[in-house]
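What follows is the content of target.cif (mmCIF, C-alpha atoms).
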```cif
data_my_file
loop_
_atom_site.group_PDB
_atom_site.id
_atom_site.type_symbol
_atom_site.label_atom_id
_atom_site.label_comp_id
_atom_site.auth_asym_id
_atom_site.auth_seq_id
_atom_site.Cartn_x
_atom_site.Cartn_y
_atom_site.Cartn_z
ATOM 1 C CA MET R 1 14.338 -4.542 -16.114
ATOM 2 C CA GLN R 2 17.006 -3.618 -18.606
ATOM 3 C CA GLY R 3 17.194 -0.107 -19.986
ATOM 4 C CA ARG R 4 15.961 1.449 -16.733
ATOM 5 C CA SER R 5 17.948 4.274 -15.244
ATOM 6 C CA PRO R 6 19.760 3.302 -12.050
ATOM 7 C CA GLN R 7 18.284 6.471 -10.551
ATOM 8 C CA LEU R 8 14.884 4.751 -10.418
ATOM 9 C CA SER R 9 16.143 2.439 -7.693
ATOM 10 C CA MET R 10 14.257 2.139 -4.408
ATOM 11 C CA GLU R 11 17.540 1.908 -2.521
ATOM 12 C CA LEU R 12 17.418 4.864 -0.156
ATOM 13 C CA ASN R 13 20.917 4.480 1.187
ATOM 14 C CA THR R 14 22.386 5.527 -2.167
ATOM 15 C CA GLY R 15 20.559 8.844 -2.011
ATOM 16 C CA ARG R 16 19.171 8.378 -5.495
ATOM 17 C CA ALA R 17 15.485 8.280 -4.575
ATOM 18 C CA SER R 18 15.278 11.646 -2.868
ATOM 19 C CA PRO R 19 11.934 12.671 -1.390
ATOM 20 C CA THR R 20 11.601 15.496 -3.931
ATOM 21 C CA ARG R 21 12.365 13.217 -6.861
ATOM 22 C CA LEU R 22 9.967 10.535 -5.607
ATOM 23 C CA VAL R 23 7.177 13.072 -5.247
ATOM 24 C CA CYS R 24 7.826 15.075 -8.414
ATOM 25 C CA ASP R 25 8.692 12.267 -10.825
ATOM 26 C CA THR R 26 5.461 10.306 -11.264
ATOM 27 C CA ARG R 27 7.369 7.572 -13.086
ATOM 28 C CA LEU R 28 8.819 6.476 -9.749
ATOM 29 C CA ILE R 29 5.516 5.766 -8.005
ATOM 30 C CA GLN R 30 4.322 3.989 -11.155
ATOM 31 C CA LYS R 31 7.518 1.907 -11.033
ATOM 32 C CA TYR R 32 6.846 0.963 -7.400
ATOM 33 C CA ILE R 33 3.258 0.017 -8.234
ATOM 34 C CA GLY R 34 4.604 -2.216 -11.002
ATOM 35 C CA GLU R 35 7.091 -3.779 -8.608
ATOM 36 C CA ALA R 36 4.319 -4.446 -6.070
ATOM 37 C CA LYS R 37 2.303 -6.202 -8.778
ATOM 38 C CA ASP R 38 5.381 -8.214 -9.834
ATOM 39 C CA MET R 39 6.066 -9.324 -6.251
ATOM 40 C CA GLU R 40 2.446 -10.395 -5.868
ATOM 41 C CA LYS R 41 2.622 -12.350 -9.140
ATOM 42 C CA LYS R 42 5.918 -14.037 -8.220
ATOM 43 C CA MET R 43 4.497 -14.967 -4.832
ATOM 44 C CA SER R 44 1.566 -16.695 -6.508
ATOM 45 C CA GLN R 45 4.060 -18.777 -8.529
ATOM 46 C CA CYS R 46 5.720 -20.217 -5.396
ATOM 47 C CA GLN R 47 4.780 -23.730 -4.263
ATOM 48 C CA ALA R 48 1.435 -24.292 -2.595
ATOM 49 C CA LEU R 49 1.318 -22.035 0.410
ATOM 50 C CA PRO R 50 -0.145 -23.479 3.585
ATOM 51 C CA PRO R 51 -1.930 -21.033 5.878
ATOM 52 C CA LEU R 52 0.236 -19.352 8.509
ATOM 53 C CA SER R 53 -0.008 -21.115 11.870
ATOM 54 C CA CYS R 54 -0.142 -17.761 13.636
ATOM 55 C CA PRO R 55 -2.283 -15.093 11.901
ATOM 56 C CA MET R 56 -0.634 -11.807 10.976
ATOM 57 C CA VAL R 57 -2.326 -8.473 11.708
ATOM 58 C CA LEU R 58 -2.544 -6.352 8.545
ATOM 59 C CA PRO R 59 -3.745 -2.791 8.127
ATOM 60 C CA LEU R 60 -6.984 -2.188 6.251
ATOM 61 C CA VAL R 61 -5.743 0.212 3.595
ATOM 62 C CA ASP R 62 -8.960 1.064 1.765
ATOM 63 C CA PHE R 63 -10.034 4.701 2.035
ATOM 64 C CA SER R 64 -12.561 7.262 0.890
ATOM 65 C CA LEU R 65 -11.020 9.745 -1.532
ATOM 66 C CA LYS R 66 -13.472 12.388 -0.338
ATOM 67 C CA GLN R 67 -12.342 11.963 3.275
ATOM 68 C CA TRP R 68 -8.680 11.670 2.204
ATOM 69 C CA ARG R 69 -8.803 15.097 0.578
ATOM 70 C CA THR R 70 -9.938 16.725 3.845
ATOM 71 C CA LYS R 71 -6.855 15.534 5.759
ATOM 72 C CA THR R 72 -3.617 17.479 6.160
ATOM 73 C CA ASN R 73 -0.480 16.062 4.567
ATOM 74 C CA GLU R 74 0.895 15.376 8.044
ATOM 75 C CA THR R 75 -2.216 13.389 8.999
ATOM 76 C CA LYS R 76 -1.945 11.409 5.749
ATOM 77 C CA ARG R 77 1.737 10.764 6.415
ATOM 78 C CA GLN R 78 1.029 9.546 9.949
ATOM 79 C CA GLU R 79 -1.743 7.248 8.717
ATOM 80 C CA ILE R 80 0.514 5.720 6.049
ATOM 81 C CA LEU R 81 3.372 5.354 8.549
ATOM 82 C CA CYS R 82 1.056 3.407 10.867
ATOM 83 C CA ASP R 83 -0.084 1.191 7.982
ATOM 84 C CA LEU R 84 3.502 0.554 6.894
ATOM 85 C CA ALA R 85 4.675 -0.216 10.433
ATOM 86 C CA LEU R 86 1.910 -2.780 10.861
ATOM 87 C CA LEU R 87 2.653 -4.257 7.426
ATOM 88 C CA VAL R 88 6.405 -4.520 8.102
ATOM 89 C CA GLY R 89 5.617 -6.268 11.384
ATOM 90 C CA ALA R 90 3.329 -8.715 9.587
ATOM 91 C CA VAL R 91 6.014 -9.473 6.997
ATOM 92 C CA THR R 92 8.570 -10.087 9.746
ATOM 93 C CA GLY R 93 6.142 -12.397 11.539
ATOM 94 C CA ALA R 94 5.378 -14.306 8.343
ATOM 95 C CA GLN R 95 9.089 -14.681 7.592
ATOM 96 C CA SER R 96 9.558 -16.453 10.915
ATOM 97 C CA GLN R 97 6.919 -19.047 9.925
ATOM 98 C CA VAL R 98 8.053 -19.733 6.359
ATOM 99 C CA THR R 99 10.564 -22.393 5.388
ATOM 100 C CA GLU R 100 10.039 -22.542 1.606
ATOM 101 C CA GLU R 101 12.800 -20.679 -0.273
ATOM 102 C CA CYS R 102 10.673 -18.987 -2.949
ATOM 103 C CA THR R 103 8.239 -17.608 -0.378
ATOM 104 C CA GLY R 104 11.058 -16.488 1.900
ATOM 105 C CA ARG R 105 12.754 -14.656 -0.955
ATOM 106 C CA GLN R 106 9.556 -12.803 -1.895
ATOM 107 C CA LEU R 107 8.864 -11.884 1.732
ATOM 108 C CA SER R 108 12.423 -10.518 2.069
ATOM 109 C CA GLN R 109 11.938 -8.353 -1.005
ATOM 110 C CA LEU R 110 8.580 -7.121 0.293
ATOM 111 C CA HIS R 111 10.155 -6.315 3.655
ATOM 112 C CA ARG R 112 12.883 -4.244 1.971
ATOM 113 C CA HIS R 113 10.378 -2.289 -0.115
ATOM 114 C CA ALA R 114 7.879 -1.609 2.672
ATOM 115 C CA ASN R 115 10.646 -0.708 5.114
ATOM 116 C CA SER R 116 12.187 1.687 2.559
ATOM 117 C CA PHE R 117 8.884 3.560 2.273
ATOM 118 C CA LEU R 118 8.598 3.572 6.062
ATOM 119 C CA LEU R 119 12.082 5.070 6.458
ATOM 120 C CA LEU R 120 11.470 7.599 3.696
ATOM 121 C CA LEU R 121 8.181 8.831 5.141
ATOM 122 C CA GLN R 122 9.816 9.225 8.538
ATOM 123 C CA THR R 123 11.996 11.931 6.958
ATOM 124 C CA PHE R 124 8.956 13.964 5.859
ATOM 125 C CA SER R 125 7.460 16.347 8.402
ATOM 126 C CA TRP R 126 5.567 19.592 8.095
ATOM 127 C CA GLU R 127 3.982 20.342 11.428
ATOM 128 C CA ALA R 128 6.037 21.253 14.471
ATOM 129 C CA GLY R 129 2.972 20.885 16.686
ATOM 130 C CA PRO R 130 2.039 17.876 18.789
ATOM 131 C CA GLN R 131 2.149 14.507 17.100
ATOM 132 C CA GLU R 132 -0.930 12.336 16.973
ATOM 133 C CA PRO R 133 -0.902 9.825 19.819
ATOM 134 C CA GLY R 134 0.423 6.482 18.597
ATOM 135 C CA CYS R 135 -0.929 4.255 15.881
ATOM 136 C CA SER R 136 -4.260 2.547 15.894
ATOM 137 C CA PRO R 137 -4.935 1.711 12.249
ATOM 138 C CA ARG R 138 -7.943 -0.355 11.287
ATOM 139 C CA SER R 139 -6.711 -3.895 10.931
ATOM 140 C CA MET R 140 -7.595 -7.513 10.220
ATOM 141 C CA GLU R 141 -6.009 -10.885 10.868
ATOM 142 C CA GLN R 142 -4.720 -12.801 7.871
ATOM 143 C CA THR R 143 -3.471 -16.379 7.657
ATOM 144 C CA HIS R 144 -2.661 -16.337 3.931
ATOM 145 C CA ILE R 145 0.686 -14.941 2.836
ATOM 146 C CA THR R 146 -0.837 -13.695 -0.423
ATOM 147 C CA GLY R 147 -2.965 -11.288 1.648
ATOM 148 C CA ILE R 148 0.201 -9.541 2.837
ATOM 149 C CA PHE R 149 1.289 -8.887 -0.752
ATOM 150 C CA LEU R 150 -2.210 -7.736 -1.719
ATOM 151 C CA THR R 151 -2.266 -5.282 1.197
ATOM 152 C CA TYR R 152 1.119 -3.845 0.172
ATOM 153 C CA ARG R 153 0.032 -3.401 -3.453
ATOM 154 C CA GLN R 154 -3.213 -1.733 -2.391
ATOM 155 C CA LEU R 155 -1.320 0.598 -0.054
ATOM 156 C CA VAL R 156 1.125 1.640 -2.792
ATOM 157 C CA GLN R 157 -1.633 2.013 -5.425
ATOM 158 C CA GLY R 158 -3.930 3.882 -3.080
ATOM 159 C CA LYS R 159 -2.788 5.970 -0.150
ATOM 160 C CA LEU R 160 0.873 6.302 -1.164
ATOM 161 C CA ARG R 161 0.090 7.221 -4.760
ATOM 162 C CA PHE R 162 -2.480 9.841 -3.749
ATOM 163 C CA PHE R 163 -0.228 11.161 -0.976
ATOM 164 C CA PHE R 164 2.650 11.696 -3.398
ATOM 165 C CA HIS R 165 0.247 13.245 -5.893
ATOM 166 C CA ASP R 166 -0.962 15.699 -3.238
ATOM 167 C CA LEU R 167 2.618 16.599 -2.341
ATOM 168 C CA ALA R 168 3.483 17.084 -6.008
ATOM 169 C CA LYS R 169 0.618 19.569 -6.439
ATOM 170 C CA ASP R 170 2.063 21.609 -3.592
ATOM 171 C CA SER R 171 5.779 21.413 -4.241
ATOM 172 C CA CYS R 172 6.772 20.476 -7.798
ATOM 173 C CA GLU R 173 7.504 22.688 -10.747
ATOM 174 C CA GLN R 174 5.547 22.065 -13.904
ATOM 175 C CA GLY R 175 7.232 19.595 -16.198
ATOM 176 C CA GLN R 176 8.719 17.558 -13.336
ATOM 177 C CA GLY R 177 5.835 15.151 -13.071
ATOM 178 C CA GLY R 178 3.823 17.216 -10.613
ATOM 179 C CA GLY R 179 0.420 17.965 -11.956
ATOM 180 C CA ARG R 180 -3.087 19.042 -11.324
ATOM 181 C CA ASP R 181 -4.861 15.890 -12.497
ATOM 182 C CA LEU R 182 -5.514 12.827 -10.396
ATOM 183 C CA PRO R 183 -2.913 10.114 -10.774
ATOM 184 C CA PRO R 184 -3.849 7.485 -13.349
ATOM 185 C CA ARG R 185 -5.679 4.430 -12.038
ATOM 186 C CA THR R 186 -3.472 1.384 -12.194
ATOM 187 C CA TRP R 187 -5.847 -1.343 -11.079
#
```

Output the file's structure as structure tokens, nothing else.
Amino acid sequence: MQGRSPQLSMELNTGRASPTRLVCDTRLIQKYIGEAKDMEKKMSQCQALPPLSCPMVLPLVDFSLKQWRTKTNETKRQEILCDLALLVGAVTGAQSQVTEECTGRQLSQLHRHANSFLLLLQTFSWEAGPQEPGCSPRSMEQTHITGIFLTYRQLVQGKLRFFFHDLAKDSCEQGQGGGRDLPPRTW
């Protein structure tokens, strides 16, 4: 999009999307939600997509807001990391089965975005105590590539958005995008 600040880039290796900025500037998470929707839309415009010959395992990313609020930030982070790891694995598996250029391009972009969030969340840590043992997220098998994009969008719109909102309440100064209200619904 033209007119956007280069600082709103998801590229983590440039150092522009710092954890504090991502958490405190609500425009960034809204930008990533918009990008997830755009990727999903572009994917639907690719040629007819045959089912994957080998199903991909995707995380179930729905959640109860009431239960979410009772979890520590570290528990939320671990849960999202597990979801992202499973999603990145599914994207990689789907990429190995796809030959159509448009689909391959969209999967590559999705892989970059999901992996960037995964790497970023690995830098967050609050508790020095014992880590939760491994990942065992709720999951489902999916043979349709569009389901991978839907899962990513739902993860960004749901758990990630609320996680960053919770962090903003705890660590951002007023006027930087951190606030007391729930993040706006974008679906």

Item checked: 9 Å contact set for Ile33 (chain R), only C-alpha atoms, chain neighbours under 5 positions out, as a ChimeraX atom specification -> /R:28,38,153-154,156-157,161,186

Notebook entry, point to check: What gap, in Å, lies between CA of Ala168 (chain R) and CA of Cys82 (chain R)?
Noted result: 21.9 Å

Note to self: Residues within 12 Å of (-6.8, -7.0, 11.5), file coordinates, counting all atoms listed in the file: what are they? Give the list as a count of residues only.
What the structure shows: 22

Next item on the list: Counting all atoms listed in the file, figure out which residue out of R:Leu167, R:Leu22, R:Met39, R:Ala48 gets nearest to Ser108 (chain R).
Entry: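 Closest candidate: R:Met39.
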
Next item on the list: To one decimal in Å, tell me the separation between CA of His111 (chain R) and CA of Arg21 (chain R).
Entry: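 For CA of His111 (chain R) relative to CA of Arg21 (chain R), the distance reads 22.3 Å.
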
Next item on the list: Point out the residue among R:Ile29, R:Phe149, R:Leu119, R:Phe162 with the least atom-to-atom distance to Leu65 (chain R), counting only C-alpha atoms.
Entry: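 Going through R:Ile29, R:Phe149, R:Leu119, R:Phe162 one by one, the smallest distance to Leu65 (chain R) is for R:Phe162.
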
Next item on the list: For Ser96 (chain R), work out the shell of residues within 12 Å, counting only C-alpha atoms and skipping chain neighbours fewer than 3 positions away, then give it as a PyMOL selection string.
Entry: chain R and resi 52-56+89-93+99-100+103-104+107-108

Edge lengths and centre, in Å to one decimal, as JSON: that's what I need for the box along x, y and z that holds all listed atoms of region 108-114 of chain R plus 5 Å on each side.
```
{"center_x": 10.4, "center_y": -6.1, "center_z": 1.3, "size_x": 15.0, "size_y": 18.9, "size_z": 14.7}
```
